[in-house]
Structures are given as C-alpha cells and as structure tokens.
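Contents: one structure, followed by commentary.
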Amino acid sequence: MSIDDVTKKEEALLRKSICPDCGYDKFREGPCGGASVNVMCANDKCKARFNICGPFTPQRLEYGSMRKTEEQAEKDAAATANQFDRFDIIDFD
Ligand SMILES: [Zn+2]
C-alpha cells in the first residue's frame with residue numbers, strides 16, 4: 001500500500017490536532033528538525049504518523065492501524081445496513 005498525500009480534509013483535522021484516521025485528539029511529538037515535527041497519534045490502537053512542517057501540507061508517514069479506506073468504510077456501512085435488513089419489524093402489543 002502506497003502512502004497517499006494528506007487530503008485537504010485530513011489536513012484540516014491535523015491542524016486541529018485531530019487524527020484523521022481514528023478521530024483521537026492527542027498526538028505524541030517525535031523528532032523534530034527545523035520547522036518540521038514528526039507526530040504520532042497517541043491512540044495506541046492507531047499510531048498514525050505524520051510529518052508536519054509549518055504552513056506546508058503535512059505528509060503522511062504511516063497509516064493508522066484503524067484507518068479505513070473510503071471503499072472499506074462504504075462496505076462496512078453496507079454490511080451494517082444488511083444486518084439491520086435481516087430483522088423483521090415486530091409490533092409490540
Ligand atoms: Zn489515530
């Protein structure tokens with residue numbers, strides 16, 4: 001799996017210190033050099049890593065392990081919808 005560029009949506013979340021992969025709102029700071037700093041999502045189940053360099057678009061270093069691709073998220077949503085479809089609607093007296 002290749003590392004995608006950070007999307008505008010992901011960048012907006014990162015600027016608010018929110019992990020775009022899992023929604024956690026804390027990051028650990030890693031090594032920094034000059035204006036750039038490596039951060040890792042503080043959610044141990046996620047650990048997505050990014051390089052944030054001042055006003056420039058952040059770079060993704062590693063995907064969080066909870067990250068879903070949009071395709072996967074859609075599949076999951078469809079699967080959940082299917083589960084609910086299996087239930088009959090029951091009238092309570
Ligand atoms: Zn995360």
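Identifiers in this document derive from the order of the structure tokens: chains are assigned A, B, ..., residues are numbered from 1 separately in each chain, and ligands are numbered from 1 in order of occurrence.
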
Tell me, as an mmCIF file with C-alpha atoms, in the first residue's frame, which residues lie within 6 Å of range 52-69 of chain A, counting only C-alpha atoms; anything in the same chain fewer than 2 positions away does not count.
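What follows is the written file result.cif:
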```cif
data_model
loop_
_atom_site.group_PDB
_atom_site.id
_atom_site.type_symbol
_atom_site.label_atom_id
_atom_site.label_comp_id
_atom_site.auth_asym_id
_atom_site.auth_seq_id
_atom_site.Cartn_x
_atom_site.Cartn_y
_atom_site.Cartn_z
ATOM 1 C CA ASP A 21 -7.519 8.049 10.861
ATOM 2 C CA ALA A 35 10.242 23.777 11.271
ATOM 3 C CA SER A 36 9.075 20.211 10.833
ATOM 4 C CA VAL A 37 7.945 17.844 13.509
ATOM 5 C CA CYS A 46 -3.913 3.689 15.753
ATOM 6 C CA LYS A 47 -0.409 5.145 15.799
ATOM 7 C CA ALA A 48 -0.767 7.013 12.528
ATOM 8 C CA ARG A 49 2.308 9.127 11.883
ATOM 9 C CA PHE A 50 2.645 12.434 10.114
ATOM 10 C CA GLU A 71 -14.116 1.974 -0.030
ATOM 11 C CA GLN A 72 -13.868 -0.121 3.144
ATOM 12 C CA ALA A 73 -15.957 2.351 5.122
#
```

**Request:** Could you please write out, as a PyMOL selection string, every residue of range 3-89 of chain A that DSSP assigns to helix (DSSP H, G or I)?
**Result:** chain A and resi 8-15+70-85

What would the file look like if the residues just selected were written as a PDB file, in the first residue's frame with N, CA and C atoms?
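What ended up in result-v5.pdb:
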```pdb
ATOM      1  N   LYS A   8      -7.083  17.533   1.804  1.00  0.00           N
ATOM      2  CA  LYS A   8      -7.435  18.808   2.453  1.00  0.00           C
ATOM      3  C   LYS A   8      -8.231  18.561   3.738  1.00  0.00           C
ATOM      4  N   LYS A   9      -9.102  17.563   3.666  1.00  0.00           N
ATOM      5  CA  LYS A   9      -9.936  17.226   4.818  1.00  0.00           C
ATOM      6  C   LYS A   9      -9.052  16.729   5.975  1.00  0.00           C
ATOM      7  N   GLU A  10      -8.094  15.866   5.633  1.00  0.00           N
ATOM      8  CA  GLU A  10      -7.182  15.336   6.650  1.00  0.00           C
ATOM      9  C   GLU A  10      -6.309  16.440   7.220  1.00  0.00           C
ATOM     10  N   GLU A  11      -5.868  17.338   6.340  1.00  0.00           N
ATOM     11  CA  GLU A  11      -5.031  18.445   6.799  1.00  0.00           C
ATOM     12  C   GLU A  11      -5.789  19.315   7.798  1.00  0.00           C
ATOM     13  N   ALA A  12      -7.065  19.587   7.472  1.00  0.00           N
ATOM     14  CA  ALA A  12      -7.880  20.422   8.365  1.00  0.00           C
ATOM     15  C   ALA A  12      -7.982  19.784   9.748  1.00  0.00           C
ATOM     16  N   LEU A  13      -8.126  18.455   9.788  1.00  0.00           N
ATOM     17  CA  LEU A  13      -8.199  17.751  11.073  1.00  0.00           C
ATOM     18  C   LEU A  13      -6.862  17.818  11.803  1.00  0.00           C
ATOM     19  N   LEU A  14      -5.786  17.604  11.057  1.00  0.00           N
ATOM     20  CA  LEU A  14      -4.453  17.639  11.671  1.00  0.00           C
ATOM     21  C   LEU A  14      -4.161  19.005  12.290  1.00  0.00           C
ATOM     22  N   ARG A  15      -4.613  20.052  11.632  1.00  0.00           N
ATOM     23  CA  ARG A  15      -4.390  21.409  12.154  1.00  0.00           C
ATOM     24  C   ARG A  15      -5.120  21.622  13.475  1.00  0.00           C
ATOM     25  N   GLU A  70     -11.963   4.773   2.116  1.00  0.00           N
ATOM     26  CA  GLU A  70     -13.359   5.163   1.884  1.00  0.00           C
ATOM     27  C   GLU A  70     -14.149   3.977   1.361  1.00  0.00           C
ATOM     28  N   GLU A  71     -13.474   3.164   0.539  1.00  0.00           N
ATOM     29  CA  GLU A  71     -14.116   1.974  -0.030  1.00  0.00           C
ATOM     30  C   GLU A  71     -14.522   1.014   1.086  1.00  0.00           C
ATOM     31  N   GLN A  72     -13.598   0.796   2.029  1.00  0.00           N
ATOM     32  CA  GLN A  72     -13.868  -0.121   3.144  1.00  0.00           C
ATOM     33  C   GLN A  72     -14.975   0.431   4.040  1.00  0.00           C
ATOM     34  N   ALA A  73     -14.935   1.726   4.285  1.00  0.00           N
ATOM     35  CA  ALA A  73     -15.957   2.351   5.122  1.00  0.00           C
ATOM     36  C   ALA A  73     -17.336   2.173   4.489  1.00  0.00           C
ATOM     37  N   GLU A  74     -17.393   2.298   3.164  1.00  0.00           N
ATOM     38  CA  GLU A  74     -18.662   2.102   2.461  1.00  0.00           C
ATOM     39  C   GLU A  74     -19.129   0.662   2.568  1.00  0.00           C
ATOM     40  N   LYS A  75     -18.190  -0.284   2.424  1.00  0.00           N
ATOM     41  CA  LYS A  75     -18.530  -1.712   2.542  1.00  0.00           C
ATOM     42  C   LYS A  75     -19.074  -2.004   3.930  1.00  0.00           C
ATOM     43  N   ASP A  76     -18.395  -1.473   4.955  1.00  0.00           N
ATOM     44  CA  ASP A  76     -18.825  -1.690   6.337  1.00  0.00           C
ATOM     45  C   ASP A  76     -20.221  -1.130   6.567  1.00  0.00           C
ATOM     46  N   ALA A  77     -20.444   0.051   6.031  1.00  0.00           N
ATOM     47  CA  ALA A  77     -21.753   0.690   6.188  1.00  0.00           C
ATOM     48  C   ALA A  77     -22.826  -0.157   5.507  1.00  0.00           C
ATOM     49  N   ALA A  78     -22.493  -0.688   4.330  1.00  0.00           N
ATOM     50  CA  ALA A  78     -23.439  -1.534   3.592  1.00  0.00           C
ATOM     51  C   ALA A  78     -23.714  -2.817   4.377  1.00  0.00           C
ATOM     52  N   ALA A  79     -22.651  -3.400   4.960  1.00  0.00           N
ATOM     53  CA  ALA A  79     -22.800  -4.638   5.730  1.00  0.00           C
ATOM     54  C   ALA A  79     -23.691  -4.389   6.942  1.00  0.00           C
ATOM     55  N   THR A  80     -23.503  -3.265   7.600  1.00  0.00           N
ATOM     56  CA  THR A  80     -24.318  -2.918   8.764  1.00  0.00           C
ATOM     57  C   THR A  80     -25.775  -2.748   8.346  1.00  0.00           C
ATOM     58  N   ALA A  81     -25.976  -2.090   7.210  1.00  0.00           N
ATOM     59  CA  ALA A  81     -27.333  -1.883   6.700  1.00  0.00           C
ATOM     60  C   ALA A  81     -27.981  -3.239   6.422  1.00  0.00           C
ATOM     61  N   ASN A  82     -27.192  -4.169   5.847  1.00  0.00           N
ATOM     62  CA  ASN A  82     -27.721  -5.503   5.549  1.00  0.00           C
ATOM     63  C   ASN A  82     -28.136  -6.243   6.808  1.00  0.00           C
ATOM     64  N   GLN A  83     -27.327  -6.087   7.869  1.00  0.00           N
ATOM     65  CA  GLN A  83     -27.655  -6.740   9.138  1.00  0.00           C
ATOM     66  C   GLN A  83     -29.024  -6.297   9.632  1.00  0.00           C
ATOM     67  N   PHE A  84     -29.232  -4.993   9.530  1.00  0.00           N
ATOM     68  CA  PHE A  84     -30.499  -4.463  10.042  1.00  0.00           C
ATOM     69  C   PHE A  84     -31.674  -4.925   9.182  1.00  0.00           C
ATOM     70  N   ASP A  85     -31.388  -5.112   7.889  1.00  0.00           N
ATOM     71  CA  ASP A  85     -32.450  -5.564   6.996  1.00  0.00           C
ATOM     72  C   ASP A  85     -32.951  -6.957   7.373  1.00  0.00           C
TER      73      ASP A  85
END
```

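Residue nearest Asp5 in chain A within the list A:Asn51, A:Asp25, A:Met40, A:Gly33: A:Asn51 [criterion: smallest interatomic distance, only C-alpha atoms].
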
**Request:** Could you jot down the CA of Lys16 in chain A to CA of Asn43 in chain A separation for me, Å, one decimal place?
**Result:** 15.8 Å

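Closest to ligand 1 among A:Ile3, A:Ile89, A:Cys19, A:Asp44 is A:Cys19, based on only C-alpha atoms and all ligand atoms.
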
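With CA of Gly34 in chain A on one side and CA of Ser17 in chain A on the other, the separation reads 19.7 Å.
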
**Message:** Just list as a PyMOL selection string whatever in chain A DSSP marks as strand (DSSP E).
**Reply:** chain A and resi 27-33+36-41+49-53+59-62

Generate a file of the selected residues that holds N, CA and C atoms, formatted as an mmCIF file, in the first residue's frame.
```cif
data_model
loop_
_atom_site.group_PDB
_atom_site.id
_atom_site.type_symbol
_atom_site.label_atom_id
_atom_site.label_comp_id
_atom_site.auth_asym_id
_atom_site.auth_seq_id
_atom_site.Cartn_x
_atom_site.Cartn_y
_atom_site.Cartn_z
ATOM 1 N N PHE A 27 -1.758 13.851 20.032
ATOM 2 C CA PHE A 27 -0.617 13.300 19.304
ATOM 3 C C PHE A 27 0.603 13.319 20.212
ATOM 4 N N ARG A 28 1.485 12.391 19.991
ATOM 5 C CA ARG A 28 2.797 12.443 20.634
ATOM 6 C C ARG A 28 3.752 13.086 19.641
ATOM 7 N N GLU A 29 4.614 13.937 20.166
ATOM 8 C CA GLU A 29 5.598 14.567 19.299
ATOM 9 C C GLU A 29 6.838 13.711 19.226
ATOM 10 N N GLY A 30 7.310 13.539 18.035
ATOM 11 C CA GLY A 30 8.538 12.777 17.839
ATOM 12 C C GLY A 30 9.674 13.713 17.529
ATOM 13 N N PRO A 31 10.669 13.184 16.827
ATOM 14 C CA PRO A 31 11.828 14.010 16.491
ATOM 15 C C PRO A 31 11.434 15.198 15.633
ATOM 16 N N CYS A 32 12.032 16.338 15.896
ATOM 17 C CA CYS A 32 11.742 17.483 15.042
ATOM 18 C C CYS A 32 13.046 18.101 14.570
ATOM 19 N N GLY A 33 13.006 18.624 13.382
ATOM 20 C CA GLY A 33 14.189 19.291 12.835
ATOM 21 C C GLY A 33 13.745 20.533 12.124
ATOM 22 N N SER A 36 9.932 21.379 10.975
ATOM 23 C CA SER A 36 9.075 20.211 10.833
ATOM 24 C C SER A 36 9.132 19.332 12.070
ATOM 25 N N VAL A 37 8.012 18.709 12.344
ATOM 26 C CA VAL A 37 7.945 17.844 13.509
ATOM 27 C C VAL A 37 7.199 16.559 13.131
ATOM 28 N N ASN A 38 7.709 15.452 13.614
ATOM 29 C CA ASN A 38 7.018 14.186 13.415
ATOM 30 C C ASN A 38 6.053 13.971 14.568
ATOM 31 N N VAL A 39 4.828 13.643 14.242
ATOM 32 C CA VAL A 39 3.860 13.359 15.297
ATOM 33 C C VAL A 39 3.273 11.971 15.070
ATOM 34 N N MET A 40 2.898 11.352 16.179
ATOM 35 C CA MET A 40 2.263 10.050 16.100
ATOM 36 C C MET A 40 0.981 10.120 16.900
ATOM 37 N N CYS A 41 -0.089 9.595 16.361
ATOM 38 C CA CYS A 41 -1.356 9.569 17.067
ATOM 39 C C CYS A 41 -1.150 8.875 18.413
ATOM 40 N N ARG A 49 1.208 8.176 11.740
ATOM 41 C CA ARG A 49 2.308 9.127 11.883
ATOM 42 C C ARG A 49 2.325 10.123 10.728
ATOM 43 N N PHE A 50 2.622 11.355 11.090
ATOM 44 C CA PHE A 50 2.645 12.434 10.114
ATOM 45 C C PHE A 50 3.856 13.305 10.350
ATOM 46 N N ASN A 51 4.277 13.948 9.288
ATOM 47 C CA ASN A 51 5.301 14.965 9.410
ATOM 48 C C ASN A 51 4.637 16.302 9.141
ATOM 49 N N ILE A 52 4.698 17.166 10.118
ATOM 50 C CA ILE A 52 4.040 18.464 9.991
ATOM 51 C C ILE A 52 5.107 19.539 9.900
ATOM 52 N N CYS A 53 5.020 20.291 8.841
ATOM 53 C CA CYS A 53 6.051 21.281 8.560
ATOM 54 C C CYS A 53 5.417 22.647 8.377
ATOM 55 N N GLN A 59 2.739 15.724 5.703
ATOM 56 C CA GLN A 59 2.978 14.483 4.972
ATOM 57 C C GLN A 59 2.629 13.301 5.851
ATOM 58 N N ARG A 60 2.037 12.335 5.247
ATOM 59 C CA ARG A 60 1.730 11.115 5.983
ATOM 60 C C ARG A 60 2.956 10.216 5.974
ATOM 61 N N LEU A 61 3.330 9.738 7.149
ATOM 62 C CA LEU A 61 4.474 8.827 7.229
ATOM 63 C C LEU A 61 4.009 7.385 7.332
ATOM 64 N N GLU A 62 2.909 7.198 8.040
ATOM 65 C CA GLU A 62 2.409 5.841 8.217
ATOM 66 C C GLU A 62 0.916 5.863 8.497
#
```
